[in-house]
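Below is one structure; the comments refer to it alone.
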Amino acid sequence: MATRPMTSPVGYDPLDEATLADPYPQLAALREQTPVAWHEGMECWLITRYEDCVRVLREHETFARDPRRLGIAVAEAHLSVQVLDPPQQAGVRSLFMTALHAQDLDALQDRLRQMIGERLDQVAALPVVEAMRELAQPVALVAIADLLGVTPPPLEEWAEISDTIMRSMDAGLNPELIEPGRRARAQLSDLVDSWFTTTGQPAGLLGHVRARTAGAGLEQAAYVRHTARVMFQGGYSTLTAALGNLLHTLADHPEILPALRERPGLVHGAVDELVRFDGPVQGTTRLATAEVTIGGIAVRRGEKVTVLFAAGNRDPAVFARPDRLVLDRTPNRHLGYGWGAHACLGTVMAQRVLAALVDTLLDTVILPRPAGSAPRRRTATMRTFARLPLSLQP
């Protein structure tokens, strides 16, 4: 068993401007030279090979999401289905997945197509459209609120809260983000609490959940509310990032939409490939519950292990021609929404939202094209744009 190696010769700074713009060359170098690499600044092991990534995500007995399993205190407000490990998470996860499958997702997708079509009609004639503000953010907010069955908060106000929460996910790299993140999470909690205390029965997924948890114990009720909070915030931020990334890729690869107009049956698979190619979530972290070997490297109990989805999704051992878009790629078991017990609850819905955008574009003569500098947000966890200027004219 190898001892801890020196820091990888590949300099990887997730917040460096060049890395934010294009992390894939560095991730490929990490995967090839030191596939399990210790990162001094992040104080964690970086996992870059697809096989190793899946192993960490699958073996929840060895790699914990819940820090309490190593004696680390966790604030009650942070305990949700995304923090709890099996078997403790099983009941709440099953509740939300059952509620999700009870929704009429076909009807939701139809409503989104209409909404996207209307927004495209409003902005397509403009010489430049800021696609994050005009398309990605409003579509994501309407989609997640529709799914939950709640009235969406004002977009501008909510976008600021969500962005603060998203940036606070990188508090390990910048402690100044902790307090703004705490305040933003309190605002989110107040919003979600209001959905559980209003009289009458809400529609949608949240109505299903409320009906089946009435009278539940305090612990179960807390997990349910916290999971609703995570689903709303996580669903919005992930969808916003995924929509922006998809639009950017379509603009950078003008051959995609004409190809899909000739073969519309490829849309579902093409959406999967677009997420694999440039997904919204860069990675996730686990804690080793015992000494374990990954890729010949000894990981000690209590050490952090960060799975880099973006690296695994371009592993040539799994994906042929990984740096190319292959619209009919099969199989395509990418890690764009995670894997295993902590995979994104809304994966099915997210795919439908992205497909709704592509389907709507296919019904138009619009061909998205770059229309200026498109800086990324300075976040390590979520890969998303600060601005995305596009031309949407034919």
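Lettering and numbering for the structure tokens are positional, with chains as A, B, ... in the shown order, residues counted from 1 in each chain, and ligands counted from 1 in the shown order.
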Would you mind listing what lies within 8 Å of Phe196 of chain A as a PyMOL selection string, with only C-alpha atoms counted and same-chain residues fewer than 4 positions away left out? chain A and resi 192+210+225
Quick one: residues within 10 Å of Gly283 of chain A, only C-alpha atoms counted, chain neighbours fewer than 4 positions away excluded, as a PDB file with N, CA and C atoms, in the first residue's frame?
```pdb
ATOM      1  N   LEU A  46      -8.444  14.079  -4.119  1.00  0.00           N
ATOM      2  CA  LEU A  46      -9.196  14.299  -5.349  1.00  0.00           C
ATOM      3  C   LEU A  46      -9.273  12.989  -6.117  1.00  0.00           C
ATOM      4  N   ILE A  47     -10.480  12.566  -6.430  1.00  0.00           N
ATOM      5  CA  ILE A  47     -10.719  11.309  -7.133  1.00  0.00           C
ATOM      6  C   ILE A  47     -11.178  11.642  -8.554  1.00  0.00           C
ATOM      7  N   THR A  48     -10.456  11.148  -9.559  1.00  0.00           N
ATOM      8  CA  THR A  48     -10.720  11.592 -10.925  1.00  0.00           C
ATOM      9  C   THR A  48     -11.071  10.483 -11.906  1.00  0.00           C
ATOM     10  N   CYS A  53     -14.588   7.009  -8.756  1.00  0.00           N
ATOM     11  CA  CYS A  53     -15.692   7.903  -8.386  1.00  0.00           C
ATOM     12  C   CYS A  53     -16.936   7.103  -8.010  1.00  0.00           C
ATOM     13  N   THR A 306     -12.895  13.799  -2.248  1.00  0.00           N
ATOM     14  CA  THR A 306     -13.730  14.586  -3.149  1.00  0.00           C
ATOM     15  C   THR A 306     -13.787  13.933  -4.519  1.00  0.00           C
ATOM     16  N   VAL A 307     -14.987  13.532  -4.889  1.00  0.00           N
ATOM     17  CA  VAL A 307     -15.229  12.899  -6.177  1.00  0.00           C
ATOM     18  C   VAL A 307     -15.465  13.998  -7.205  1.00  0.00           C
ATOM     19  N   LEU A 308     -14.640  14.053  -8.230  1.00  0.00           N
ATOM     20  CA  LEU A 308     -14.769  15.083  -9.262  1.00  0.00           C
ATOM     21  C   LEU A 308     -15.555  14.520 -10.450  1.00  0.00           C
ATOM     22  N   PHE A 309     -16.865  14.796 -10.439  1.00  0.00           N
ATOM     23  CA  PHE A 309     -17.740  14.299 -11.504  1.00  0.00           C
ATOM     24  C   PHE A 309     -17.217  14.680 -12.882  1.00  0.00           C
ATOM     25  N   ALA A 310     -16.759  15.931 -13.001  1.00  0.00           N
ATOM     26  CA  ALA A 310     -16.344  16.447 -14.308  1.00  0.00           C
ATOM     27  C   ALA A 310     -15.169  15.652 -14.868  1.00  0.00           C
ATOM     28  N   ALA A 311     -14.304  15.136 -13.980  1.00  0.00           N
ATOM     29  CA  ALA A 311     -13.189  14.311 -14.437  1.00  0.00           C
ATOM     30  C   ALA A 311     -13.672  12.920 -14.818  1.00  0.00           C
ATOM     31  N   GLY A 312     -14.513  12.328 -13.969  1.00  0.00           N
ATOM     32  CA  GLY A 312     -15.040  11.005 -14.270  1.00  0.00           C
ATOM     33  C   GLY A 312     -15.834  10.965 -15.554  1.00  0.00           C
ATOM     34  N   LEU A 335     -22.005  10.916 -14.589  1.00  0.00           N
ATOM     35  CA  LEU A 335     -22.158  11.292 -13.183  1.00  0.00           C
ATOM     36  C   LEU A 335     -22.698  12.705 -13.036  1.00  0.00           C
ATOM     37  N   GLY A 336     -23.370  13.205 -14.070  1.00  0.00           N
ATOM     38  CA  GLY A 336     -23.799  14.597 -14.063  1.00  0.00           C
ATOM     39  C   GLY A 336     -24.709  14.981 -12.916  1.00  0.00           C
ATOM     40  N   TYR A 337     -25.461  14.017 -12.389  1.00  0.00           N
ATOM     41  CA  TYR A 337     -26.357  14.290 -11.255  1.00  0.00           C
ATOM     42  C   TYR A 337     -25.971  13.464 -10.034  1.00  0.00           C
ATOM     43  N   GLY A 338     -24.741  12.995  -9.983  1.00  0.00           N
ATOM     44  CA  GLY A 338     -24.325  12.155  -8.875  1.00  0.00           C
ATOM     45  C   GLY A 338     -24.601  10.690  -9.176  1.00  0.00           C
ATOM     46  N   ALA A 380     -16.535  26.669  -6.918  1.00  0.00           N
ATOM     47  CA  ALA A 380     -15.850  25.412  -7.197  1.00  0.00           C
ATOM     48  C   ALA A 380     -16.813  24.250  -7.346  1.00  0.00           C
ATOM     49  N   THR A 381     -17.942  24.292  -6.641  1.00  0.00           N
ATOM     50  CA  THR A 381     -18.860  23.157  -6.637  1.00  0.00           C
ATOM     51  C   THR A 381     -19.784  23.166  -7.838  1.00  0.00           C
ATOM     52  N   MET A 382     -20.365  24.307  -8.122  1.00  0.00           N
ATOM     53  CA  MET A 382     -21.320  24.418  -9.227  1.00  0.00           C
ATOM     54  C   MET A 382     -20.644  25.092 -10.421  1.00  0.00           C
ATOM     55  N   ARG A 383     -20.755  24.474 -11.575  1.00  0.00           N
ATOM     56  CA  ARG A 383     -20.189  25.056 -12.799  1.00  0.00           C
ATOM     57  C   ARG A 383     -21.296  25.806 -13.510  1.00  0.00           C
TER      58      ARG A 383
END
```
Closest contacts (segment 246-314 of chain A/segment 127-136 of chain A, max 10 Å, only C-alpha atoms) as a Markdown table:
```
| residue | atom | partner | partner_atom | distance |
| --- | --- | --- | --- | --- |
| A:Leu246 | CA | A:Ala136 | CA | 9.7 |
| A:Leu247 | CA | A:Ala131 | CA | 8.0 |
| A:His248 | CA | A:Ala131 | CA | 9.1 |
```
Could the residues of segment 179-277 of chain A that have an atom at most 8 Å from segment 89-98 of chain A be listed as a tab-separated table, each with its closest atom pair and the distance in Å to one decimal, counting only C-alpha atoms and ordered by chain and ascending residue number?
```
residue	atom	partner	partner_atom	distance
A:Leu205	CA	A:Phe96	CA	7.7
A:Val209	CA	A:Phe96	CA	6.8
A:Gln220	CA	A:Val92	CA	7.8
A:Tyr223	CA	A:Val92	CA	7.2
A:Val224	CA	A:Val92	CA	6.5
```
Which of segment 20-80 of chain A counts as strand (DSSP E) under DSSP, as a PyMOL selection string please? chain A and resi 36-39+44-47+63-64
Those residues with N, CA and C atoms, as a tab-separated table (two decimals), in the first residue's frame please?
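Result file follows (selection36.tsv):
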```tsv
chain	number	residue	atom	x	y	z
A	36	VAL	N	-5.50	9.62	-7.88
A	36	VAL	CA	-5.90	9.86	-6.49
A	36	VAL	C	-4.84	10.80	-5.91
A	37	ALA	N	-5.18	12.07	-5.80
A	37	ALA	CA	-4.18	13.10	-5.48
A	37	ALA	C	-4.58	13.86	-4.22
A	38	TRP	N	-3.63	14.10	-3.34
A	38	TRP	CA	-3.88	14.90	-2.15
A	38	TRP	C	-3.77	16.38	-2.51
A	39	HIS	N	-4.79	17.17	-2.13
A	39	HIS	CA	-4.81	18.60	-2.41
A	39	HIS	C	-4.64	19.33	-1.08
A	44	CYS	N	-8.06	17.45	1.05
A	44	CYS	CA	-8.86	16.30	0.67
A	44	CYS	C	-8.14	15.54	-0.44
A	45	TRP	N	-8.59	14.31	-0.66
A	45	TRP	CA	-8.14	13.52	-1.79
A	45	TRP	C	-9.04	13.82	-2.98
A	46	LEU	N	-8.44	14.08	-4.12
A	46	LEU	CA	-9.20	14.30	-5.35
A	46	LEU	C	-9.27	12.99	-6.12
A	47	ILE	N	-10.48	12.57	-6.43
A	47	ILE	CA	-10.72	11.31	-7.13
A	47	ILE	C	-11.18	11.64	-8.55
A	63	PHE	N	-17.61	5.33	2.88
A	63	PHE	CA	-17.45	6.75	2.58
A	63	PHE	C	-18.74	7.47	3.00
A	64	ALA	N	-18.65	8.20	4.09
A	64	ALA	CA	-19.83	8.79	4.72
A	64	ALA	C	-20.14	10.17	4.17
```
